[in-house]
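Asker: I am sharing target39.tsv, which consists of TSV, C-alpha atoms and all ligand atoms:
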chain	number	residue	atom	x	y	z
A	20	MET	CA	7.08	-19.73	-3.75
A	21	ARG	CA	8.86	-19.31	-0.42
A	22	LEU	CA	7.68	-16.09	1.23
A	23	VAL	CA	8.75	-14.17	4.32
A	24	VAL	CA	6.27	-11.97	6.19
A	25	VAL	CA	7.84	-9.04	8.02
A	26	GLY	CA	5.73	-7.28	10.65
A	27	ALA	CA	4.16	-10.70	11.22
A	28	ALA	CA	2.22	-9.69	14.34
A	29	GLY	CA	0.58	-6.65	12.74
A	30	ARG	CA	-3.01	-6.38	11.52
A	31	MET	CA	-1.79	-6.99	7.97
A	32	GLY	CA	1.02	-9.37	8.96
A	33	ARG	CA	-1.44	-11.92	10.37
A	34	MET	CA	-3.62	-11.58	7.26
A	35	LEU	CA	-0.56	-12.17	5.05
A	36	ILE	CA	0.31	-15.40	6.89
A	37	LYS	CA	-3.28	-16.56	6.33
A	38	ALA	CA	-3.28	-15.55	2.64
A	39	ILE	CA	-0.03	-17.49	2.03
A	40	HIS	CA	-1.55	-20.52	3.78
A	41	GLU	CA	-4.60	-20.30	1.50
A	42	THR	CA	-2.70	-19.80	-1.78
A	43	PRO	CA	-1.66	-22.95	-3.67
A	44	GLY	CA	1.98	-22.79	-4.68
A	45	CYS	CA	2.97	-20.49	-1.81
A	46	VAL	CA	4.59	-21.40	1.47
A	47	LEU	CA	5.56	-19.32	4.50
A	48	SER	CA	9.33	-19.63	4.91
A	49	ALA	CA	9.75	-17.19	7.81
A	50	ALA	CA	7.90	-14.64	9.92
A	51	VAL	CA	9.83	-11.62	11.21
A	52	GLU	CA	9.00	-9.14	13.98
A	53	ARG	CA	10.92	-6.34	15.67
A	54	PRO	CA	13.61	-7.28	18.15
A	55	GLY	CA	12.02	-7.21	21.60
A	56	SER	CA	8.54	-8.03	20.35
A	57	GLY	CA	6.66	-10.38	22.67
A	58	VAL	CA	5.74	-12.68	19.77
A	59	VAL	CA	9.32	-13.65	18.85
A	60	GLY	CA	9.58	-17.44	19.34
A	61	GLN	CA	5.81	-18.00	18.92
A	62	ASP	CA	4.49	-20.24	16.16
A	63	ALA	CA	3.55	-18.06	13.17
A	64	GLY	CA	0.52	-20.16	12.24
A	65	VAL	CA	-0.93	-19.88	15.74
A	66	LEU	CA	-0.23	-16.13	15.71
A	67	ALA	CA	-2.42	-15.85	12.59
A	68	GLY	CA	-5.22	-17.98	14.06
A	69	LEU	CA	-4.24	-21.11	12.08
A	70	PRO	CA	-2.97	-24.49	13.21
A	71	ALA	CA	0.73	-24.54	14.21
A	72	CYS	CA	2.97	-24.51	11.12
A	73	GLY	CA	6.35	-25.17	12.77
A	74	ILE	CA	7.77	-21.74	11.89
A	75	ASP	CA	8.64	-19.61	14.89
A	76	VAL	CA	8.61	-15.83	14.62
A	77	THR	CA	12.18	-14.52	14.44
A	78	ASP	CA	13.76	-11.09	14.81
A	79	GLU	CA	16.58	-11.84	12.36
A	80	ALA	CA	15.59	-10.69	8.89
A	81	LEU	CA	18.67	-11.35	6.73
A	82	PRO	CA	18.98	-15.13	7.30
A	83	ALA	CA	15.23	-15.36	6.61
A	84	PHE	CA	15.53	-13.36	3.36
A	85	VAL	CA	18.45	-15.45	2.08
A	86	GLU	CA	16.29	-18.60	2.25
A	87	ALA	CA	13.25	-17.02	0.53
A	88	GLU	CA	12.07	-15.91	-2.93
A	89	GLY	CA	9.97	-12.97	-1.81
A	90	VAL	CA	9.13	-10.78	1.18
A	91	LEU	CA	5.76	-9.26	2.06
A	92	ASP	CA	6.19	-6.00	3.94
A	93	PHE	CA	3.40	-3.98	5.59
A	94	THR	CA	5.37	-2.28	8.38
A	95	THR	CA	6.66	1.31	8.77
A	96	PRO	CA	8.53	3.55	6.29
A	97	ASP	CA	11.91	3.30	8.08
A	98	SER	CA	11.63	-0.47	8.46
A	99	THR	CA	10.62	-0.84	4.81
A	100	VAL	CA	13.74	1.05	3.71
A	101	SER	CA	15.95	-1.34	5.74
A	102	PHE	CA	14.09	-4.37	4.39
A	103	ALA	CA	14.54	-3.09	0.81
A	104	ALA	CA	18.33	-3.07	1.30
A	105	LEU	CA	18.22	-6.64	2.66
A	106	ALA	CA	15.91	-7.87	-0.13
A	107	ALA	CA	18.28	-6.31	-2.67
A	108	GLN	CA	21.19	-8.11	-1.03
A	109	ALA	CA	19.30	-11.43	-1.14
A	110	ARG	CA	18.02	-10.62	-4.70
A	111	ILE	CA	14.40	-11.45	-3.82
A	112	ALA	CA	11.13	-9.74	-4.76
A	113	HIS	CA	10.03	-7.16	-2.19
A	114	ILE	CA	6.30	-6.44	-1.96
A	115	VAL	CA	5.74	-3.13	-0.17
A	116	GLY	CA	2.31	-2.26	1.19
A	117	THR	CA	3.63	0.17	3.81
A	118	THR	CA	2.18	3.67	3.45
A	119	GLY	CA	3.33	7.10	4.60
A	120	LEU	CA	6.62	6.92	2.65
A	121	GLU	CA	8.27	10.31	2.15
A	122	PRO	CA	10.47	11.27	-0.83
A	123	GLN	CA	13.65	10.25	1.09
A	124	HIS	CA	12.21	6.75	1.64
A	125	LEU	CA	11.16	6.46	-2.00
A	126	ALA	CA	14.66	7.46	-3.16
A	127	LYS	CA	16.11	4.58	-1.14
A	128	LEU	CA	13.56	2.14	-2.58
A	129	GLU	CA	14.53	3.27	-6.07
A	130	ALA	CA	18.18	2.55	-5.28
A	131	ALA	CA	17.31	-0.93	-3.95
A	132	ALA	CA	15.17	-1.61	-7.05
A	133	ARG	CA	18.35	-1.57	-9.14
A	134	HIS	CA	19.16	-4.98	-7.62
A	135	ALA	CA	15.77	-6.65	-7.08
A	136	ALA	CA	12.13	-6.29	-8.11
A	137	ILE	CA	10.10	-4.07	-5.78
A	138	ILE	CA	6.34	-3.94	-6.17
A	139	ARG	CA	4.87	-1.08	-4.19
A	140	SER	CA	1.29	0.05	-3.88
A	141	GLY	CA	-0.59	2.11	-1.31
A	142	ASN	CA	-3.46	-0.25	-1.99
A	143	MET	CA	-3.24	-3.81	-3.23
A	144	SER	CA	-6.93	-4.27	-4.15
A	145	LEU	CA	-8.21	-4.67	-7.70
A	146	GLY	CA	-11.06	-2.23	-7.06
A	147	VAL	CA	-8.86	0.65	-5.92
A	148	ASN	CA	-6.38	0.18	-8.75
A	149	LEU	CA	-9.27	0.24	-11.23
A	150	LEU	CA	-10.60	3.33	-9.47
A	151	ALA	CA	-7.22	5.06	-9.89
A	152	GLY	CA	-7.41	4.45	-13.65
A	153	LEU	CA	-10.93	5.87	-13.78
A	154	VAL	CA	-9.91	8.93	-11.74
A	155	ARG	CA	-7.00	9.59	-14.14
A	156	LYS	CA	-9.39	9.45	-17.11
A	157	VAL	CA	-12.07	11.64	-15.55
A	158	ALA	CA	-9.50	14.22	-14.41
A	159	ALA	CA	-8.04	14.32	-17.93
A	160	THR	CA	-11.52	14.81	-19.40
A	161	LEU	CA	-12.83	17.52	-17.08
A	162	GLY	CA	-11.30	21.01	-16.92
A	163	THR	CA	-10.00	22.76	-13.82
A	164	ASP	CA	-13.45	24.33	-13.33
A	165	TRP	CA	-14.22	20.91	-11.78
A	166	ASP	CA	-12.78	20.83	-8.25
A	167	ILE	CA	-11.29	17.53	-7.07
A	168	GLU	CA	-11.69	16.51	-3.42
A	169	ILE	CA	-10.72	13.15	-1.91
A	170	VAL	CA	-12.38	11.93	1.28
A	171	GLU	CA	-11.17	8.89	3.17
A	172	MET	CA	-12.12	7.13	6.41
A	173	HIS	CA	-10.10	4.54	8.32
A	174	HIS	CA	-10.07	2.80	11.72
A	175	ARG	CA	-8.98	4.64	14.86
A	176	MET	CA	-5.52	2.97	14.99
A	177	LYS	CA	-4.27	4.27	11.64
A	178	VAL	CA	-1.15	6.43	12.16
A	179	ASP	CA	-0.72	8.29	8.84
A	180	ALA	CA	-2.94	10.73	6.94
A	181	PRO	CA	-4.04	11.15	4.22
A	182	SER	CA	-4.08	7.40	3.58
A	183	GLY	CA	-1.68	5.87	1.06
A	184	THR	CA	-4.70	5.10	-1.09
A	185	ALA	CA	-5.96	8.69	-0.97
A	186	VAL	CA	-2.49	9.89	-2.04
A	187	MET	CA	-2.47	7.30	-4.83
A	188	LEU	CA	-5.88	8.55	-6.04
A	189	GLY	CA	-4.62	12.15	-5.79
A	190	GLU	CA	-1.60	11.21	-7.90
A	191	ALA	CA	-3.89	9.63	-10.48
A	192	ALA	CA	-5.95	12.85	-10.63
A	193	ALA	CA	-2.80	14.98	-10.92
A	194	GLU	CA	-1.46	12.74	-13.68
A	195	GLY	CA	-4.76	13.11	-15.56
A	196	ARG	CA	-4.34	16.88	-15.37
A	197	ALA	CA	-0.62	16.69	-16.20
A	198	VAL	CA	0.38	18.47	-12.97
A	199	ASP	CA	2.51	17.47	-10.01
A	200	LEU	CA	0.47	16.48	-6.93
A	201	ALA	CA	3.06	18.15	-4.67
A	202	ASP	CA	2.09	21.53	-6.24
A	203	ALA	CA	-1.68	20.90	-6.22
A	204	ARG	CA	-2.17	19.11	-2.89
A	205	VAL	CA	-4.18	20.73	-0.07
A	206	ALA	CA	-4.21	18.28	2.82
A	207	VAL	CA	-5.20	20.56	5.72
A	208	ARG	CA	-7.92	23.19	6.01
A	209	ASP	CA	-8.53	24.93	9.30
A	210	GLY	CA	-9.60	28.45	10.23
A	211	HIS	CA	-9.88	31.26	7.68
A	212	THR	CA	-8.61	29.45	4.59
A	213	GLY	CA	-9.90	31.84	1.94
A	214	ALA	CA	-11.69	30.57	-1.16
A	215	ARG	CA	-10.62	27.36	-2.83
A	216	GLN	CA	-7.76	27.75	-5.34
A	217	PRO	CA	-8.69	26.42	-8.79
A	218	GLY	CA	-6.73	23.34	-9.88
A	219	THR	CA	-5.96	22.11	-6.36
A	220	VAL	CA	-6.68	18.60	-5.12
A	221	GLY	CA	-8.11	18.62	-1.59
A	222	PHE	CA	-7.91	15.81	0.98
A	223	ALA	CA	-10.03	15.10	4.05
A	224	ALA	CA	-9.15	12.27	6.47
A	225	LEU	CA	-11.70	10.83	8.92
A	226	ARG	CA	-10.66	8.38	11.65
A	227	GLY	CA	-12.80	6.16	13.84
A	228	GLY	CA	-13.98	2.72	14.85
A	229	THR	CA	-12.88	-0.29	12.84
A	230	VAL	CA	-13.36	1.03	9.28
A	231	VAL	CA	-11.08	-0.96	6.93
A	232	GLY	CA	-10.92	1.77	4.27
A	233	ASP	CA	-13.45	4.02	2.50
A	234	HIS	CA	-12.39	6.37	-0.31
A	235	LYS	CA	-14.40	8.82	-2.36
A	236	VAL	CA	-13.13	11.06	-5.15
A	237	ILE	CA	-15.47	13.98	-5.77
A	238	PHE	CA	-15.39	15.99	-8.98
A	239	ALA	CA	-17.42	19.09	-8.12
A	240	GLY	CA	-18.49	21.18	-11.08
A	241	THR	CA	-20.87	24.12	-11.31
A	242	GLY	CA	-24.33	22.71	-10.69
A	243	GLU	CA	-23.32	19.04	-10.86
A	244	ARG	CA	-21.06	16.57	-9.08
A	245	LEU	CA	-19.49	13.27	-10.05
A	246	GLU	CA	-18.43	10.91	-7.25
A	247	LEU	CA	-16.37	7.73	-7.59
A	248	SER	CA	-15.98	5.60	-4.50
A	249	HIS	CA	-14.54	2.37	-3.14
A	250	ILE	CA	-15.29	0.56	0.10
A	251	ALA	CA	-12.95	-2.13	1.42
A	252	GLU	CA	-14.94	-4.51	3.62
A	253	ASP	CA	-12.15	-6.87	4.69
A	254	ARG	CA	-8.36	-6.39	4.86
A	255	SER	CA	-7.82	-9.94	3.59
A	256	LEU	CA	-8.22	-8.54	0.09
A	257	PHE	CA	-5.03	-6.46	0.51
A	258	ALA	CA	-3.18	-9.58	1.69
A	259	GLN	CA	-4.43	-11.62	-1.27
A	260	GLY	CA	-3.30	-8.80	-3.59
A	261	ALA	CA	0.16	-8.83	-1.99
A	262	VAL	CA	0.53	-12.59	-2.50
A	263	LYS	CA	-0.60	-12.18	-6.11
A	264	ALA	CA	2.05	-9.46	-6.55
A	265	ALA	CA	4.73	-11.76	-5.10
A	266	LEU	CA	3.86	-14.54	-7.54
A	267	TRP	CA	3.99	-12.00	-10.40
A	268	GLY	CA	7.32	-10.65	-9.15
A	269	ARG	CA	9.00	-14.04	-8.80
A	270	GLY	CA	12.21	-14.01	-10.87
A	271	ARG	CA	11.25	-10.68	-12.50
A	272	LYS	CA	14.07	-8.35	-13.51
A	273	PRO	CA	15.04	-5.63	-11.02
A	274	GLY	CA	12.88	-2.50	-11.07
A	275	LEU	CA	10.16	-0.61	-9.28
A	276	TYR	CA	6.71	-1.92	-10.22
A	277	SER	CA	3.15	-1.06	-9.21
A	278	MET	CA	-0.02	-3.04	-8.63
A	279	ALA	CA	-1.30	-1.70	-11.97
A	280	ASP	CA	1.60	-3.63	-13.59
A	281	VAL	CA	0.61	-6.78	-11.69
A	282	LEU	CA	-3.05	-6.43	-12.64
A	283	GLY	CA	-2.33	-5.39	-16.24
A	284	LEU	CA	-4.24	-2.12	-15.84
A	285	ASP	CA	-1.72	0.16	-17.56
A	286	SER	CA	-4.02	0.80	-20.51
A	287	LEU	CA	-6.62	2.48	-18.26
B	301	LIG	P1	0.32	-2.65	12.46
B	301	LIG	O1	0.89	-1.59	13.33
B	301	LIG	O2	-0.83	-3.49	12.97
B	301	LIG	O3	1.50	-3.66	12.02
B	301	LIG	C1	2.81	-3.31	11.71
B	301	LIG	C2	3.72	-4.41	12.28
B	301	LIG	O4	5.04	-4.22	11.76
B	301	LIG	C3	3.82	-4.38	13.81
B	301	LIG	O5	3.55	-5.69	14.31
B	301	LIG	C4	5.26	-3.96	14.06
B	301	LIG	O6	5.81	-4.50	15.24
B	301	LIG	C5	5.94	-4.52	12.81
B	301	LIG	N1	7.24	-3.90	12.52
B	301	LIG	C6	7.54	-2.58	12.42
B	301	LIG	N2	8.86	-2.42	12.18
B	301	LIG	C7	9.40	-3.65	12.12
B	301	LIG	C8	10.72	-4.15	11.92
B	301	LIG	N3	11.75	-3.32	11.73
B	301	LIG	N4	10.91	-5.49	11.90
B	301	LIG	C9	9.88	-6.34	12.05
B	301	LIG	N5	8.61	-5.93	12.29
B	301	LIG	C10	8.37	-4.61	12.31
B	301	LIG	O7	-0.09	-1.92	11.10
B	301	LIG	P2	-1.05	-2.46	9.92
B	301	LIG	O8	-2.45	-1.97	10.13
B	301	LIG	O9	-0.81	-3.92	9.70
B	301	LIG	O10	-0.46	-1.61	8.70
B	301	LIG	C11	0.91	-1.67	8.34
B	301	LIG	C12	1.16	-0.78	7.14
B	301	LIG	O11	0.46	-1.28	5.98
B	301	LIG	C13	0.67	0.67	7.31
B	301	LIG	O12	1.59	1.53	6.65
B	301	LIG	C14	-0.67	0.66	6.58
B	301	LIG	O13	-1.08	1.93	6.15
B	301	LIG	C15	-0.35	-0.25	5.43
B	301	LIG	N6	-1.50	-0.87	4.73
B	301	LIG	C16	-1.39	-0.95	3.38
B	301	LIG	C17	-2.38	-1.59	2.64
B	301	LIG	C18	-2.19	-1.75	1.16
B	301	LIG	O14	-3.03	-2.38	0.49
B	301	LIG	N7	-1.10	-1.25	0.61
B	301	LIG	C19	-3.51	-2.12	3.29
B	301	LIG	C20	-3.57	-2.02	4.69
B	301	LIG	C21	-2.55	-1.40	5.42
Represent the supplied structure as structure tokens.
Ligand code: NAD
Answerer:
Amino acid sequence: MRLVVVGAAGRMGRMLIKAIHETPGCVLSAAVERPGSGVVGQDAGVLAGLPACGIDVTDEALPAFVEAEGVLDFTTPDSTVSFAALAAQARIAHIVGTTGLEPQHLAKLEAAARHAAIIRSGNMSLGVNLLAGLVRKVAATLGTDWDIEIVEMHHRMKVDAPSGTAVMLGEAAAEGRAVDLADARVAVRDGHTGARQPGTVGFAALRGGTVVGDHKVIFAGTGERLELSHIAEDRSLFAQGAVKAALWGRGRKPGLYSMADVLGLDSL
């Protein structure tokens, strides 16, 4: 499968180039960075710490998309929206790992998904997607006298909060309780907040060092507490998940899909 990596010089971009290199049946067809980036013209293999592969980083996305079967995108929300339009034009699978998307970005992805398959997940790991299923079940089982709090920690360079994964886990909890996360979400507490409102889902975001991604969902009842957690030790697992999603999405009919679809976890 011929794959393009956009955001090729990013932390995830380099991992994606490596994951494609290591996956039989996949080949890097282009590597794209922002216009003006210092890496444009560099060999993409060398950029990812591999031997030279003969593909130079380009800043022209559309010609790259036209020659490919899928695009792996871990960039920024605005860039992802533009790439979705181009992937729809080229009719290729678009794998979106970018987090921090707001409703206006999601609406544009939905429009693009009428023309091509988009697989989007705030976390591409098997463990986190399993965890989301477990959280949905536990939230559906326990009443609102059990408070739900989600704690996450990431490296000091992360620019959005709460993390895409924390939001995904919050959505799973809200789904389990048959409520809308937008109505239940409490993402900031500071100063005199008053007592906790029953039925809310609270978030706490810690930032520091080089932490790849820690998430804990706490169900706090009266006199007992249930905690479900996931620790990502290496970001290569997100890249491997993205390549797996691309292979799954190859030639699939247009639509918006999730990693749970790819992993067959819908029954959870
Ligand atoms: P990063 O800042 O290291 O990399 C982003 C790269 O995208 C940069 O090199 C930047 O120049 C490039 N870029 C931005 N706009 C572009 C454009 N229009 N054209 C070409 N290149 C462009 O960030 P990162 O740590 O690699 O994370 C990227 C995103 O992926 C974040 O939203 C992060 O939260 C998310 N992420 C998701 C998962 C997951 O499993 N879904 C895992 C890790 C990170």
Asker: Work out how far apart CA of Met172 (chain A) and CA of Ala191 (chain A) are and give it in Å to one decimal.
Answerer: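 CA of Ala191 (chain A) lies at a distance of 19.0 Å from CA of Met172 (chain A).
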Asker: Could you give me, as a PyMOL selection string, the residues within 10 Å of Ser140 (chain A), counting all atoms listed in the file and dropping anything in the same chain fewer than 6 positions from it?
Answerer: chain A and resi 114-118+148+183-184+187+260-261+264+276-279
Asker: Counting only C-alpha atoms, which residues of region 83-159 of chain A sit at most 8 Å from some atom of region 48-51 of chain A, and what is each one's closest atom pair with its distance in Å to one decimal, listed by chain and rising residue number, as JSON lines?
Answerer:
{"residue": "A:Ala83", "atom": "CA", "partner": "A:Ala49", "partner_atom": "CA", "distance": 5.9}
{"residue": "A:Glu86", "atom": "CA", "partner": "A:Ser48", "partner_atom": "CA", "distance": 7.5}
{"residue": "A:Ala87", "atom": "CA", "partner": "A:Ser48", "partner_atom": "CA", "distance": 6.4}
Asker: My list of candidates is A:Glu194, A:Glu168, A:Glu243, A:Asp199. Which is closest to Ala223 (chain A) when distances are computed with all atoms listed in the file?
Answerer: A:Glu168
Asker: With only C-alpha atoms and all ligand atoms counted, collect every polymer residue having an atom within 9 Å of ligand LIG 301 (chain B); state the result as a PyMOL selection string.
Answerer: chain A and resi 24-34+50-54+56+77-80+92-99+101-102+115-120+139-144+176-179+182-184+231-232+254-258+260-261
Asker: Which residues are near Val170 (chain A)? Cut-off 12 Å, all atoms listed in the file, ignore same chain within fewer than 5 positions. Put them as number ranges by chain.
Answerer: A: 180-182, 184-186, 188-189, 206, 220-226, 232-238, 246-250
Asker: What does the distance from CA of Val157 (chain A) to CA of Pro122 (chain A) come to in Å, to one decimal?
Answerer: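 CA of Pro122 (chain A) lies 26.9 Å from CA of Val157 (chain A).
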Asker: One decimal, in Å: what's the spacing between CA of Ala63 (chain A) and CA of Ala132 (chain A)?
Answerer: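 Taking CA of Ala63 (chain A) as the start and CA of Ala132 (chain A) as the end point, the length is 28.5 Å.
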Asker: Within 9 Å of region 267-271 of chain A, counting only C-alpha atoms, which residues show up once you throw out same-chain ones fewer than 2 positions away? Write them as a ChimeraX atom specification, please.
Answerer: /A:20,88-89,111-114,135-138,262-265,273-274,276,281
Asker: For the residues in the current selection, export C-alpha atoms as an mmCIF file, in the coordinates of the input.
Answerer:
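File written: part-v4.cif
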data_model
loop_
_atom_site.group_PDB
_atom_site.id
_atom_site.type_symbol
_atom_site.label_atom_id
_atom_site.label_comp_id
_atom_site.auth_asym_id
_atom_site.auth_seq_id
_atom_site.Cartn_x
_atom_site.Cartn_y
_atom_site.Cartn_z
ATOM 1 C CA MET A 20 7.080 -19.730 -3.750
ATOM 2 C CA GLU A 88 12.070 -15.910 -2.930
ATOM 3 C CA GLY A 89 9.970 -12.970 -1.810
ATOM 4 C CA ILE A 111 14.400 -11.450 -3.820
ATOM 5 C CA ALA A 112 11.130 -9.740 -4.760
ATOM 6 C CA HIS A 113 10.030 -7.160 -2.190
ATOM 7 C CA ILE A 114 6.300 -6.440 -1.960
ATOM 8 C CA ALA A 135 15.770 -6.650 -7.080
ATOM 9 C CA ALA A 136 12.130 -6.290 -8.110
ATOM 10 C CA ILE A 137 10.100 -4.070 -5.780
ATOM 11 C CA ILE A 138 6.340 -3.940 -6.170
ATOM 12 C CA VAL A 262 0.530 -12.590 -2.500
ATOM 13 C CA LYS A 263 -0.600 -12.180 -6.110
ATOM 14 C CA ALA A 264 2.050 -9.460 -6.550
ATOM 15 C CA ALA A 265 4.730 -11.760 -5.100
ATOM 16 C CA PRO A 273 15.040 -5.630 -11.020
ATOM 17 C CA GLY A 274 12.880 -2.500 -11.070
ATOM 18 C CA TYR A 276 6.710 -1.920 -10.220
ATOM 19 C CA VAL A 281 0.610 -6.780 -11.690
#
Asker: For Leu161 (chain A), which residue out of A:Arg244, A:Val147, A:Ala214, A:Val85 is the nearest one, using all atoms listed in the file?
Answerer: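 Counting all atoms listed in the file, the residue closest to Leu161 (chain A) is A:Arg244.
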Asker: Rank nothing, just name the residue among A:Arg21, A:His124, A:His40, A:Arg196 nearest to Asp166 (chain A), using only C-alpha atoms.
Answerer: A:Arg196
Asker: Kindly reconstruct region 265-280 of chain A with N, CA, C and O atoms and present the result as a PDB file, keeping the file's coordinate frame.
Answerer:
ATOM      1  N   ALA A 265       3.496 -10.991  -5.314  1.00  0.00           N
ATOM      2  CA  ALA A 265       4.730 -11.760  -5.100  1.00  0.00           C
ATOM      3  C   ALA A 265       4.887 -12.808  -6.196  1.00  0.00           C
ATOM      4  O   ALA A 265       5.967 -12.962  -6.777  1.00  0.00           O
ATOM      5  N   LEU A 266       3.795 -13.499  -6.503  1.00  0.00           N
ATOM      6  CA  LEU A 266       3.860 -14.540  -7.540  1.00  0.00           C
ATOM      7  C   LEU A 266       4.231 -13.913  -8.886  1.00  0.00           C
ATOM      8  O   LEU A 266       5.014 -14.450  -9.655  1.00  0.00           O
ATOM      9  N   TRP A 267       3.686 -12.729  -9.141  1.00  0.00           N
ATOM     10  CA  TRP A 267       3.990 -12.000 -10.400  1.00  0.00           C
ATOM     11  C   TRP A 267       5.455 -11.558 -10.414  1.00  0.00           C
ATOM     12  O   TRP A 267       6.107 -11.561 -11.454  1.00  0.00           O
ATOM     13  N   GLY A 268       5.967 -11.209  -9.238  1.00  0.00           N
ATOM     14  CA  GLY A 268       7.320 -10.650  -9.150  1.00  0.00           C
ATOM     15  C   GLY A 268       8.422 -11.692  -9.085  1.00  0.00           C
ATOM     16  O   GLY A 268       9.599 -11.355  -9.172  1.00  0.00           O
ATOM     17  N   ARG A 269       8.022 -12.962  -8.947  1.00  0.00           N
ATOM     18  CA  ARG A 269       9.000 -14.040  -8.800  1.00  0.00           C
ATOM     19  C   ARG A 269       9.933 -14.079 -10.030  1.00  0.00           C
ATOM     20  O   ARG A 269       9.456 -14.203 -11.163  1.00  0.00           O
ATOM     21  N   GLY A 270      11.231 -13.927  -9.794  1.00  0.00           N
ATOM     22  CA  GLY A 270      12.210 -14.010 -10.870  1.00  0.00           C
ATOM     23  C   GLY A 270      12.162 -12.844 -11.856  1.00  0.00           C
ATOM     24  O   GLY A 270      12.811 -12.866 -12.892  1.00  0.00           O
ATOM     25  N   ARG A 271      11.363 -11.812 -11.570  1.00  0.00           N
ATOM     26  CA  ARG A 271      11.250 -10.680 -12.500  1.00  0.00           C
ATOM     27  C   ARG A 271      12.501  -9.806 -12.435  1.00  0.00           C
ATOM     28  O   ARG A 271      13.155  -9.735 -11.392  1.00  0.00           O
ATOM     29  N   LYS A 272      12.819  -9.121 -13.512  1.00  0.00           N
ATOM     30  CA  LYS A 272      14.070  -8.350 -13.510  1.00  0.00           C
ATOM     31  C   LYS A 272      13.947  -7.147 -12.551  1.00  0.00           C
ATOM     32  O   LYS A 272      12.834  -6.640 -12.319  1.00  0.00           O
ATOM     33  N   PRO A 273      15.084  -6.715 -11.998  1.00  0.00           N
ATOM     34  CA  PRO A 273      15.040  -5.630 -11.020  1.00  0.00           C
ATOM     35  C   PRO A 273      14.299  -4.403 -11.552  1.00  0.00           C
ATOM     36  O   PRO A 273      14.330  -4.134 -12.755  1.00  0.00           O
ATOM     37  N   GLY A 274      13.621  -3.694 -10.662  1.00  0.00           N
ATOM     38  CA  GLY A 274      12.880  -2.500 -11.070  1.00  0.00           C
ATOM     39  C   GLY A 274      11.804  -2.207 -10.053  1.00  0.00           C
ATOM     40  O   GLY A 274      11.515  -3.028  -9.174  1.00  0.00           O
ATOM     41  N   LEU A 275      11.245  -1.019 -10.176  1.00  0.00           N
ATOM     42  CA  LEU A 275      10.160  -0.610  -9.280  1.00  0.00           C
ATOM     43  C   LEU A 275       8.841  -0.773 -10.027  1.00  0.00           C
ATOM     44  O   LEU A 275       8.643  -0.146 -11.073  1.00  0.00           O
ATOM     45  N   TYR A 276       7.974  -1.631  -9.533  1.00  0.00           N
ATOM     46  CA  TYR A 276       6.710  -1.920 -10.220  1.00  0.00           C
ATOM     47  C   TYR A 276       5.535  -1.505  -9.325  1.00  0.00           C
ATOM     48  O   TYR A 276       5.700  -1.304  -8.125  1.00  0.00           O
ATOM     49  N   SER A 277       4.350  -1.418  -9.977  1.00  0.00           N
ATOM     50  CA  SER A 277       3.150  -1.060  -9.210  1.00  0.00           C
ATOM     51  C   SER A 277       2.126  -2.183  -9.330  1.00  0.00           C
ATOM     52  O   SER A 277       2.291  -3.110 -10.119  1.00  0.00           O
ATOM     53  N   MET A 278       1.051  -2.039  -8.566  1.00  0.00           N
ATOM     54  CA  MET A 278      -0.020  -3.040  -8.630  1.00  0.00           C
ATOM     55  C   MET A 278      -0.722  -2.970  -9.985  1.00  0.00           C
ATOM     56  O   MET A 278      -1.254  -3.984 -10.454  1.00  0.00           O
ATOM     57  N   ALA A 279      -0.700  -1.816 -10.625  1.00  0.00           N
ATOM     58  CA  ALA A 279      -1.300  -1.700 -11.970  1.00  0.00           C
ATOM     59  C   ALA A 279      -0.534  -2.600 -12.942  1.00  0.00           C
ATOM     60  O   ALA A 279      -1.132  -3.211 -13.832  1.00  0.00           O
ATOM     61  N   ASP A 280       0.803  -2.717 -12.751  1.00  0.00           N
ATOM     62  CA  ASP A 280       1.600  -3.630 -13.590  1.00  0.00           C
ATOM     63  C   ASP A 280       1.148  -5.069 -13.343  1.00  0.00           C
ATOM     64  O   ASP A 280       0.955  -5.846 -14.272  1.00  0.00           O
TER      65      ASP A 280
END
